[in-house]
Amino acid sequence: MKLHPIIAAMRRQYAGAILIALQIALTLAIVCNAMFIIAQRVSRIDRPTGLQEDGLYWVTQQWVLPAADDPTKKTAQLDAMQVEDMAALRRIPGVTSVASVNTLPLLNSSRDGGVALEPNQASPLARTVYYYGDENMLSTLGAHLVEGREFTSGDVLHEAAQASHTPSVVIITKELAKSVFGESSALGKSIYLDGSSSPSRIVGIIDRLQVSTTHSWADTFTYHSTLVPVRLSDDSSTYAVRTTPQALDKAIRATASTLYGVSSARVIAEDGIRSYAAIREDAYRADMGMAILMASVCAILLAVTAAGIVGLTSFWVAQRGRQIGIRRALGARKIDIFQHFHLENLFISSVGAVVGIVVAFALNAWLIEHYEMRRIPIVFVLLASLLVVATGQFAVFVPARRASKITPMAAMSNRTN
Amino acid sequence: MFAYYVGIAVRNLRRSWGLTLLMVLAIGLGVAASVTTFAVFRAVSGDPVPDKSSQLFVPLFDMWGPRNGVARKDPPDALDYFDAMNLMRDHRASRQSAIYPIQPALAPADSNHHSKNIDGNAVYSEFFPMAEVPLRFGNGWSDNDDRQHATVAVISSALNDELFAGKNSVGRTINIAGKDFRVVGVLDNWNPQPRFYDVHNSGGFTTQKVDILVPFQTAITAGIKNTGNTNCNSAMNSAGFDGLIQSNCVWISYMVELRDASAVQAFRGYLDDYVNLQNRAGRFHWKSDTRLMGLREWLEFEEVAPSDTHLSLLVAIGLLAVCIINTTGLLLAKFMRRRGEVGIRRALGATKRSVYLQFVTEASLVGLSGGVFGLALTALGVAGVHALLPKDIASLAHLDAGLLGLCLLTAVVATTLAGLFPAARASAVQPALQLKMD
């Protein structure tokens, strides 16, 4: 295949060629950054929580109580009511386990603190997020214990919310253990929470449990969770409920009436009872939305670029009908004409892609400076380049085929367009 | 003359309808995508109180100091109870209010209903004029009510519709958090977005309503807990709401109204003095950083407009740019095809200028069609935004006449601009040469 006719032809239509190259360049720059954003969001959404999410749901409700005078008495009363609620929830058909837990991963409501190895340490070794719950917490959440033991009912205290007690035993995640103790085993060792003077002994280590918040401030300690054996008493209570997967919907529907049956002096908000699937959807709605938006923009961009290429190439084919006829008459085969347009497009797209790669990196650098964006891996740029060049080749197919069908007779006719 | 151009344009557009369709589709998509994302962007970066925002300020200072190791370059974004009350007592701004979010239970009207929670805020009397709170009936409460811890409340029009069938309920009572409150005012559809006066707790945009406003100290004494964010840097000494009140945890939003630059200057001086006083009293033993941020600066500091919306707008503008380049290319193809016709028209006496205008008119017409198609896509896009984005943001993006006008205008202007170069190229045809060639 000789390049000469292509270059000669392009010199006569440089304006159109430049426009296509420019369009390819911009499309490439946007598409590869958009693809990178999609990949980042998807990997965020794909993070495992460490929970067994199927068959799990979440109940949050508030009691309507007269103002109490004696805080100790009130705490005891609230705790008793909580225990009663959980007993009622356990009687719902299909429910296999119920636990008092203050929050769950992705709920974005958390208490965080610091872990140190010495008492009264002002600066902690690692940050952590606390989960307060009873002896059923691990089995209800479905978190996987890798070392040590679960909490027993003897470990569990009941305390008013926002209490300042340091727990004597805790369970921590493998990742937290690693960032505090390195490779040596953490089981049985003591840590000091929030600059406390009294130690907390590690009785168990779980494989994984994501912190409650999905916000970026916790990105450096996504799996640094600490489980505390305390049933918190507050004006509101929260329960995690596990059912067999088939019974989930039915159990959720039965929950409000069951709780009102125990006592009607309470408030259950419209979104007070939610399956974990719904919690997950809400938590990642923005990320999912962004990913879909970026994907649609990419699709639109490629479609528009393809449309532009089809339009301009068709015009060129029509305009050069006579020249094509002459080349055919002089011995060029159909395939030569077909390839001519494909090669021509490949040349224009490649020039566009080279410019586009430069623009893509510049755009990425600008995004890094102004937004929470990381350096784009080269593989995305290459993939996007391939995509736009392939789009060009695909778009040029129909006009090129039409060109290859032009007969040598066209050279004789006066007009072809 | 213009009508003549339009006539020719319509005929020409119909003749090569394939190309025309491609252009209309591309412009419609590009414009709709950018206008839709702009609608979201406009919604999240708007000024919630345009005529007042320059006079509203948020004071911050560092009551925590360099403890607990967590690297912070800014002071906490809210106040603890102790400092908030000191600032209220000193009363150095023309208006000010400490604010915290509440969610008390509302007693049911009869035994057939359950109690439900209503959202709102505990505020001081000066909050109403400061935040320009619109009232349908009655008024806010008085300074005296604040001091007396009066059980008075201002309720939303929605709650008023529900409880009192929309009638003037001033003087009636409602039972919240187990106490009777006398209604003194009814809001007039008030739901400012972003929730500028309490960004710390609302995060800016929120789907929660403001159903009730009660005096700050009344809420404190009635034990109506805060429902927002509580940030602590050390464990509390005692449990419960009392423990929170005595702690140095931050949970209270604070806003002041300062009418001019000298008032701002004076308040800055006062804040520094206040911190120095606390220093001397031995409460702080570090150099406390004080801030006084104007409302716009504050909303930016708190990153109220999600960076996603900026990013989407940016990408949409890129998309629009590609669509314009694309249209330029297609218009070039379309116009250059008609060089023969141009040659004839020129030979018959049409000026270069009239041919040029003819082509530009044609481009504008393509833009207008693209804009009309874009209108339909924009409606679809806004519906898509509602389905895709978090509800607090999505509910703000809506179609209005301005948006539709913007859609059409963008389409016509962008396409006309895109048509200038192809029109110039096509009208530059030498009549004699073109006739000879054909």
# chains A, B, ... in the order shown; residues from 1 in each chain; ligands from 1
call {"tool": "residues_around", "arguments": {"residues": "stretch 169-183 of chain B", "least_positions_apart": "5", "cutoff": "7 Å", "atoms": "only C-alpha atoms", "output": "list in words"}}
result
Pro66 of chain A; Pro104, Ala105, Leu106, Ala107, Phe137, Gly138, Thr151, Val152, Ala153, Val154, Phe164 and Ile224 of chain B
call {"tool": "interface_residues", "arguments": {"of": "chain B", "to": "chain A", "cutoff": "8 Å", "atoms": "only C-alpha atoms", "output": "PyMOL selection string"}}
result
chain B and resi 19+22+26+29+33+67-70+105+114-117+177-178+222-223+234-240+243-244+307-308+312+315-316+318-319+322-323+325-330+332-334+337+388-390+438
call {"tool": "write_last_selection", "arguments": {"atoms": "N, CA and C atoms", "output": "short mmCIF file (atom, residue, chain, number, x, y, z; two decimals), in the first residue's frame"}}
result
data_model
loop_
_atom_site.label_atom_id
_atom_site.label_comp_id
_atom_site.auth_asym_id
_atom_site.auth_seq_id
_atom_site.Cartn_x
_atom_site.Cartn_y
_atom_site.Cartn_z
N LEU B 19 -27.01 14.03 6.76
CA LEU B 19 -26.02 14.87 7.44
C LEU B 19 -26.68 15.79 8.46
N LEU B 22 -27.51 13.93 11.55
CA LEU B 22 -26.31 13.67 12.36
C LEU B 22 -25.96 14.90 13.18
N ALA B 26 -26.05 15.29 17.26
CA ALA B 26 -24.83 15.60 18.00
C ALA B 26 -25.00 16.85 18.85
N LEU B 29 -27.42 16.18 21.82
CA LEU B 29 -26.77 15.42 22.90
C LEU B 29 -25.81 16.29 23.68
N ALA B 33 -26.48 17.35 27.56
CA ALA B 33 -25.57 16.88 28.62
C ALA B 33 -25.01 18.05 29.40
N ARG B 67 -3.50 18.53 70.38
CA ARG B 67 -3.56 17.25 71.08
C ARG B 67 -4.00 16.12 70.16
N ASN B 68 -3.79 14.93 70.63
CA ASN B 68 -4.26 13.73 69.95
C ASN B 68 -3.68 13.48 68.57
N GLY B 69 -2.62 14.20 68.29
CA GLY B 69 -1.78 13.80 67.17
C GLY B 69 -2.33 13.96 65.77
N VAL B 70 -3.64 13.96 65.62
CA VAL B 70 -4.19 14.00 64.27
C VAL B 70 -3.82 15.34 63.63
N ALA B 105 -39.60 13.84 69.40
CA ALA B 105 -40.80 13.08 69.05
C ALA B 105 -42.02 13.97 69.21
N HIS B 114 -49.08 6.58 65.76
CA HIS B 114 -47.87 6.48 66.57
C HIS B 114 -47.18 7.83 66.63
N SER B 115 -46.32 7.97 67.63
CA SER B 115 -45.50 9.18 67.69
C SER B 115 -44.60 9.22 66.46
N LYS B 116 -44.20 10.41 66.07
CA LYS B 116 -43.20 10.47 64.99
C LYS B 116 -42.17 11.54 65.30
N ASN B 117 -41.05 11.42 64.65
CA ASN B 117 -40.00 12.40 64.88
C ASN B 117 -40.15 13.56 63.91
N ALA B 177 -41.40 16.12 72.56
CA ALA B 177 -40.46 15.65 73.58
C ALA B 177 -41.14 15.62 74.94
N GLY B 178 -42.41 15.28 74.96
CA GLY B 178 -43.13 15.13 76.23
C GLY B 178 -43.50 16.44 76.89
N ALA B 222 -34.89 21.11 78.47
CA ALA B 222 -35.83 20.00 78.28
C ALA B 222 -35.09 18.72 77.90
N GLY B 223 -33.78 18.79 77.77
CA GLY B 223 -32.99 17.61 77.43
C GLY B 223 -33.23 17.12 76.01
N SER B 234 -11.35 14.20 73.07
CA SER B 234 -11.02 13.42 74.26
C SER B 234 -12.31 12.85 74.83
N ALA B 235 -12.18 11.84 75.66
CA ALA B 235 -13.37 11.19 76.20
C ALA B 235 -14.11 12.16 77.12
N MET B 236 -15.44 12.01 77.15
CA MET B 236 -16.24 12.87 78.03
C MET B 236 -16.11 12.40 79.47
N ASN B 237 -16.30 13.34 80.38
CA ASN B 237 -16.18 12.98 81.79
C ASN B 237 -17.43 12.31 82.32
N SER B 238 -18.59 12.66 81.73
CA SER B 238 -19.80 11.97 82.17
C SER B 238 -20.66 11.69 80.95
N ALA B 239 -21.58 10.77 81.15
CA ALA B 239 -22.33 10.26 80.01
C ALA B 239 -23.53 11.14 79.68
N GLY B 240 -24.13 10.85 78.55
CA GLY B 240 -25.39 11.46 78.18
C GLY B 240 -25.25 12.88 77.69
N GLY B 243 -23.26 15.18 79.81
CA GLY B 243 -21.83 14.99 79.59
C GLY B 243 -21.36 15.76 78.37
N LEU B 244 -22.19 15.76 77.32
CA LEU B 244 -21.85 16.46 76.09
C LEU B 244 -21.77 17.97 76.36
N SER B 307 -17.48 17.85 44.89
CA SER B 307 -16.55 18.04 43.78
C SER B 307 -17.01 17.25 42.56
N ASP B 308 -17.84 16.23 42.79
CA ASP B 308 -18.40 15.47 41.66
C ASP B 308 -19.17 16.37 40.70
N SER B 312 -18.39 16.78 36.80
CA SER B 312 -19.37 16.46 35.76
C SER B 312 -19.54 17.64 34.81
N VAL B 315 -16.63 17.81 32.46
CA VAL B 315 -16.71 16.78 31.44
C VAL B 315 -17.77 17.14 30.41
N ALA B 316 -18.90 17.69 30.89
CA ALA B 316 -19.98 18.04 29.97
C ALA B 316 -19.56 19.17 29.05
N GLY B 318 -16.53 19.66 28.06
CA GLY B 318 -15.67 18.97 27.10
C GLY B 318 -16.49 18.30 26.01
N LEU B 319 -17.57 17.67 26.44
CA LEU B 319 -18.46 17.00 25.49
C LEU B 319 -19.05 18.01 24.50
N VAL B 322 -16.48 18.96 21.94
CA VAL B 322 -16.34 17.94 20.89
C VAL B 322 -17.50 18.04 19.91
N CYS B 323 -18.71 18.25 20.45
CA CYS B 323 -19.88 18.36 19.57
C CYS B 323 -19.76 19.55 18.62
N ILE B 325 -16.89 20.95 17.53
CA ILE B 325 -15.87 20.62 16.52
C ILE B 325 -16.49 19.68 15.48
N ASN B 326 -17.25 18.72 15.98
CA ASN B 326 -17.92 17.76 15.13
C ASN B 326 -18.86 18.47 14.15
N THR B 327 -19.62 19.42 14.67
CA THR B 327 -20.56 20.16 13.83
C THR B 327 -19.81 20.98 12.79
N THR B 328 -18.69 21.58 13.20
CA THR B 328 -17.89 22.33 12.24
C THR B 328 -17.49 21.43 11.07
N GLY B 329 -17.03 20.22 11.41
CA GLY B 329 -16.63 19.29 10.36
C GLY B 329 -17.78 18.92 9.44
N LEU B 330 -18.91 18.61 10.05
CA LEU B 330 -20.07 18.19 9.25
C LEU B 330 -20.61 19.35 8.40
N LEU B 332 -18.85 21.77 7.31
CA LEU B 332 -17.87 21.94 6.24
C LEU B 332 -18.19 20.99 5.09
N ALA B 333 -18.44 19.73 5.44
CA ALA B 333 -18.76 18.75 4.41
C ALA B 333 -20.02 19.17 3.66
N LYS B 334 -21.00 19.60 4.40
CA LYS B 334 -22.28 19.95 3.82
C LYS B 334 -22.17 21.16 2.89
N ARG B 337 -20.00 20.62 -0.32
CA ARG B 337 -20.69 19.87 -1.34
C ARG B 337 -21.41 20.76 -2.32
N LEU B 388 -30.39 8.86 39.46
CA LEU B 388 -29.01 8.43 39.70
C LEU B 388 -28.36 9.03 40.94
N LEU B 389 -28.56 10.32 41.14
CA LEU B 389 -27.78 11.00 42.17
C LEU B 389 -28.43 10.88 43.54
N PRO B 390 -27.64 11.12 44.61
CA PRO B 390 -28.23 11.10 45.95
C PRO B 390 -29.38 12.09 46.04
N ASP B 438 -17.01 22.03 -13.11
CA ASP B 438 -18.17 21.17 -13.29
C ASP B 438 -18.49 21.08 -14.77
#
call {"tool": "select_by_dssp", "arguments": {"residues": "stretch 13-159 of chain A", "states": "strand (DSSP E)", "output": "compact mmCIF listing (two decimals) with N, CA and C atoms, in the first residue's frame"}}
result
# COMPACT_ATOMS: atom_id res chain seq x y z
N LEU A 56 -29.19 -9.72 56.01
CA LEU A 56 -28.94 -8.83 57.15
C LEU A 56 -29.84 -7.60 57.03
N TYR A 57 -30.45 -7.19 58.12
CA TYR A 57 -31.12 -5.88 58.08
C TYR A 57 -30.90 -5.12 59.36
N TRP A 58 -31.33 -3.88 59.33
CA TRP A 58 -30.93 -2.90 60.33
C TRP A 58 -32.18 -2.21 60.86
N VAL A 59 -32.26 -2.11 62.16
CA VAL A 59 -33.42 -1.47 62.79
C VAL A 59 -32.94 -0.32 63.64
N THR A 60 -33.51 0.83 63.46
CA THR A 60 -33.21 1.94 64.36
C THR A 60 -34.52 2.57 64.79
N GLN A 61 -34.65 2.80 66.07
CA GLN A 61 -35.92 3.33 66.59
C GLN A 61 -35.63 4.18 67.82
N GLN A 62 -36.63 4.95 68.19
CA GLN A 62 -36.44 5.87 69.31
C GLN A 62 -37.58 5.71 70.29
N TRP A 63 -37.27 5.68 71.59
CA TRP A 63 -38.33 5.56 72.58
C TRP A 63 -38.88 6.92 72.94
N VAL A 95 -35.85 -15.34 61.55
CA VAL A 95 -34.74 -14.61 62.18
C VAL A 95 -33.82 -15.60 62.88
N THR A 96 -32.53 -15.54 62.56
CA THR A 96 -31.60 -16.48 63.17
C THR A 96 -30.77 -15.85 64.28
N SER A 97 -30.53 -14.56 64.19
CA SER A 97 -29.79 -13.93 65.28
C SER A 97 -29.99 -12.42 65.29
N VAL A 98 -29.94 -11.86 66.48
CA VAL A 98 -30.18 -10.43 66.67
C VAL A 98 -29.10 -9.89 67.59
N ALA A 99 -28.57 -8.73 67.26
CA ALA A 99 -27.56 -8.14 68.14
C ALA A 99 -27.79 -6.65 68.30
N SER A 100 -27.36 -6.15 69.43
CA SER A 100 -27.33 -4.71 69.63
C SER A 100 -25.98 -4.23 69.09
N ARG A 111 -18.07 6.54 65.77
CA ARG A 111 -17.21 7.14 66.78
C ARG A 111 -15.82 6.65 66.47
N ASP A 112 -14.90 7.57 66.28
CA ASP A 112 -13.55 7.12 65.98
C ASP A 112 -12.61 7.53 67.10
N GLY A 113 -11.49 6.86 67.17
CA GLY A 113 -10.52 7.15 68.22
C GLY A 113 -9.15 6.69 67.82
N GLY A 114 -8.24 6.65 68.80
CA GLY A 114 -6.86 6.29 68.51
C GLY A 114 -6.41 5.12 69.37
N VAL A 115 -5.50 4.32 68.81
CA VAL A 115 -4.97 3.15 69.52
C VAL A 115 -3.49 3.40 69.83
N ALA A 116 -3.10 3.16 71.09
CA ALA A 116 -1.69 3.30 71.47
C ALA A 116 -1.24 2.06 72.24
N ALA A 126 -2.41 4.36 65.68
CA ALA A 126 -3.33 4.13 64.57
C ALA A 126 -4.69 4.69 64.93
N ARG A 127 -5.42 5.07 63.92
CA ARG A 127 -6.80 5.51 64.16
C ARG A 127 -7.72 4.31 63.99
N THR A 128 -8.86 4.37 64.66
CA THR A 128 -9.79 3.25 64.57
C THR A 128 -11.22 3.76 64.69
N VAL A 129 -12.16 2.94 64.26
CA VAL A 129 -13.57 3.26 64.45
C VAL A 129 -14.18 2.17 65.32
N TYR A 130 -15.00 2.55 66.32
CA TYR A 130 -15.54 1.60 67.28
C TYR A 130 -16.90 1.05 66.87
N TYR A 131 -17.07 -0.23 67.12
CA TYR A 131 -18.39 -0.85 67.04
C TYR A 131 -18.74 -1.34 68.44
N TYR A 132 -19.82 -0.81 69.00
CA TYR A 132 -20.26 -1.23 70.32
C TYR A 132 -21.38 -2.25 70.14
N LEU A 145 -14.13 -14.63 62.38
CA LEU A 145 -13.11 -14.61 63.43
C LEU A 145 -11.93 -15.48 62.97
N VAL A 146 -10.72 -14.92 62.97
CA VAL A 146 -9.57 -15.74 62.55
C VAL A 146 -8.72 -16.23 63.72
N GLU A 147 -8.76 -15.50 64.83
CA GLU A 147 -7.96 -15.91 66.00
C GLU A 147 -8.74 -15.56 67.26
N GLY A 148 -8.51 -16.29 68.33
CA GLY A 148 -9.11 -15.94 69.62
C GLY A 148 -10.56 -16.35 69.71
N LEU A 157 -20.98 -5.22 78.93
CA LEU A 157 -21.49 -4.25 79.91
C LEU A 157 -22.62 -3.50 79.26
N HIS A 158 -23.45 -2.87 80.09
CA HIS A 158 -24.37 -1.91 79.48
C HIS A 158 -24.12 -0.54 80.07
N GLU A 159 -24.06 0.43 79.17
CA GLU A 159 -23.66 1.78 79.55
C GLU A 159 -24.47 2.79 78.79
